[in-house]
Amino acid sequence: MTRNLAFLRGDVFKIILKDGSSEPTNASQFSNDPYSRHAETKNKVEFLVHKKLLASLSPELERHTNNEMKEGREGVMELSGVHEATMEAFLEWAYYHDYTVPPSQSNLVSLMHNTKVYVLGDRFNVKKLQDLAFSRLTTALHKLGKVANARDVSSLMEVVTFAFDNLPYTTVLSGDSARSETLLEHFAQYVAWALDVIKKSKEFKELLVHCPDFATAVLNNSRCAVLPPWLRSVTPGTMDMGSDEIQICSQPNTTHILSRSCVCGYNGVMSIRCRSCNKVDHEIGTTVKIMDTEIWIIGNDRVSGTPTNYVYTCKWCKAKNGYDTACHNFYDARYFGGSSASRISHTGYLSCRSCNAEGYRKKMTTVA
């Protein structure tokens, strides 16, 4: 493949890192490279790169290198908050479409390095560089697995903090729609997954306090509690909220008031729709077991009567719904219990948990 090297005949552009070198780095990949030079001057690190190449990397960098301001006229750009090793990786990628990661025995060192390269790519909107850095840092995170000790947790949270401090949590797309930033969402999901070992760390708590976006992202990736709080007192000291000892299932129950057989083949407790607020109660009839011992059936306090004539109290609006399935009638909540009960022909207020069909006679039959 013939490469277009016309940019080598053009002017050079100087990039100055105002913070200097604040972390240990390897020998420069460009020390003997005729296309790029860098030097340290009074705690500032200077890099030279071909101007046309730099401008070609993204529209953002094209605006930095070709403008009528001092930056464009003098061919100098000063940056803060960028480490020398990160800039070296950036320029190596610019020339060779690849960059090397400083050798280390620690996946956390690799994770931080690739995260900094990703952030620099975001700063100048260089998507291809971001894609490469994201691939490498996710590989490093995968190899790391669930952090095992306090020191690793501290180092990991340093990486996560750096990412949340330097990347926007949401990105606005066309049509004013927004999505979460890819890397931040990835880190948030990891933290939620490893929360049992991360939640006690000082760095985790500090990031929760000073970065609401981080707190929001972790909550969005965390699962809901598997049981309501009042079940904690059922068997004190024996309940492990993360173990397999607790079982929650909607298994067939032919004795429940809302048990039905659906034409789809489902045979068990149905969901029920409230006529007043139109919400569907999918929890009712769900069995909770601890170590194979049934301790509770959710929603038993919300339904009473018989399979053909029963009353349901809505868990949301508290309206009473009366049903007489034998007569195919619905008793309106406003008149329920009175002698002038209003009978309304209904279209179906039970819902199959398998196929979501609603109805009584056409779709479902009472379990014998």
# chains A, B, ... in the order shown; residues from 1 in each chain; ligands from 1
call {"tool": "select_by_dssp", "arguments": {"residues": "region 141-196 of chain A", "states": "strand (DSSP E)", "output": "list in words"}}
result
Thr170, Thr171, Val172, Ala178, Arg179 and Ser180 of chain A
call {"tool": "closest_atom_pairs", "arguments": {"of": "region 106-130 of chain A", "to": "region 42-59 of chain A", "cutoff": "9 Å", "atoms": "only C-alpha atoms", "output": "CSV"}}
result
residue,atom,partner,partner_atom,distance
A:Phe124,CA,A:Ser58,CA,7.0
A:Asn125,CA,A:Ser58,CA,6.3
A:Val126,CA,A:Ser58,CA,5.7
A:Lys127,CA,A:Ser58,CA,8.3
call {"tool": "write_last_selection", "arguments": {"atoms": "N, CA, C and O atoms", "output": "PDB file, in the first residue's frame"}}
result
ATOM      1  N   PHE A 124      -9.805  16.366  21.521  1.00  0.00           N
ATOM      2  CA  PHE A 124      -9.664  16.870  20.156  1.00  0.00           C
ATOM      3  C   PHE A 124     -10.548  16.117  19.164  1.00  0.00           C
ATOM      4  O   PHE A 124     -10.360  16.232  17.954  1.00  0.00           O
ATOM      5  N   ASN A 125     -11.485  15.333  19.704  1.00  0.00           N
ATOM      6  CA  ASN A 125     -12.485  14.658  18.871  1.00  0.00           C
ATOM      7  C   ASN A 125     -11.848  13.731  17.833  1.00  0.00           C
ATOM      8  O   ASN A 125     -12.266  13.685  16.675  1.00  0.00           O
ATOM      9  N   VAL A 126     -10.826  12.987  18.260  1.00  0.00           N
ATOM     10  CA  VAL A 126     -10.162  12.024  17.375  1.00  0.00           C
ATOM     11  C   VAL A 126     -10.764  10.649  17.669  1.00  0.00           C
ATOM     12  O   VAL A 126     -10.276   9.900  18.522  1.00  0.00           O
ATOM     13  N   LYS A 127     -11.819  10.306  16.963  1.00  0.00           N
ATOM     14  CA  LYS A 127     -12.612   9.126  17.272  1.00  0.00           C
ATOM     15  C   LYS A 127     -11.855   7.823  17.076  1.00  0.00           C
ATOM     16  O   LYS A 127     -12.013   6.875  17.845  1.00  0.00           O
TER      17      LYS A 127
END
call {"tool": "closest_residue", "arguments": {"among": "A:Lys320, A:Arg73, A:Lys315, A:Arg273", "to": "Leu350 (chain A)", "atoms": "only C-alpha atoms"}}
result
A:Arg273
call {"tool": "closest_residue", "arguments": {"among": "A:Phe13, A:Tyr310, A:Tyr95, A:Phe134", "to": "Val76 (chain A)", "atoms": "only C-alpha atoms"}}
result
A:Phe13
call {"tool": "atom_distance", "arguments": {"atom1": "CA of Ile16 (chain A)", "atom2": "CA of Leu61 (chain A)"}}
result
14.7 Å
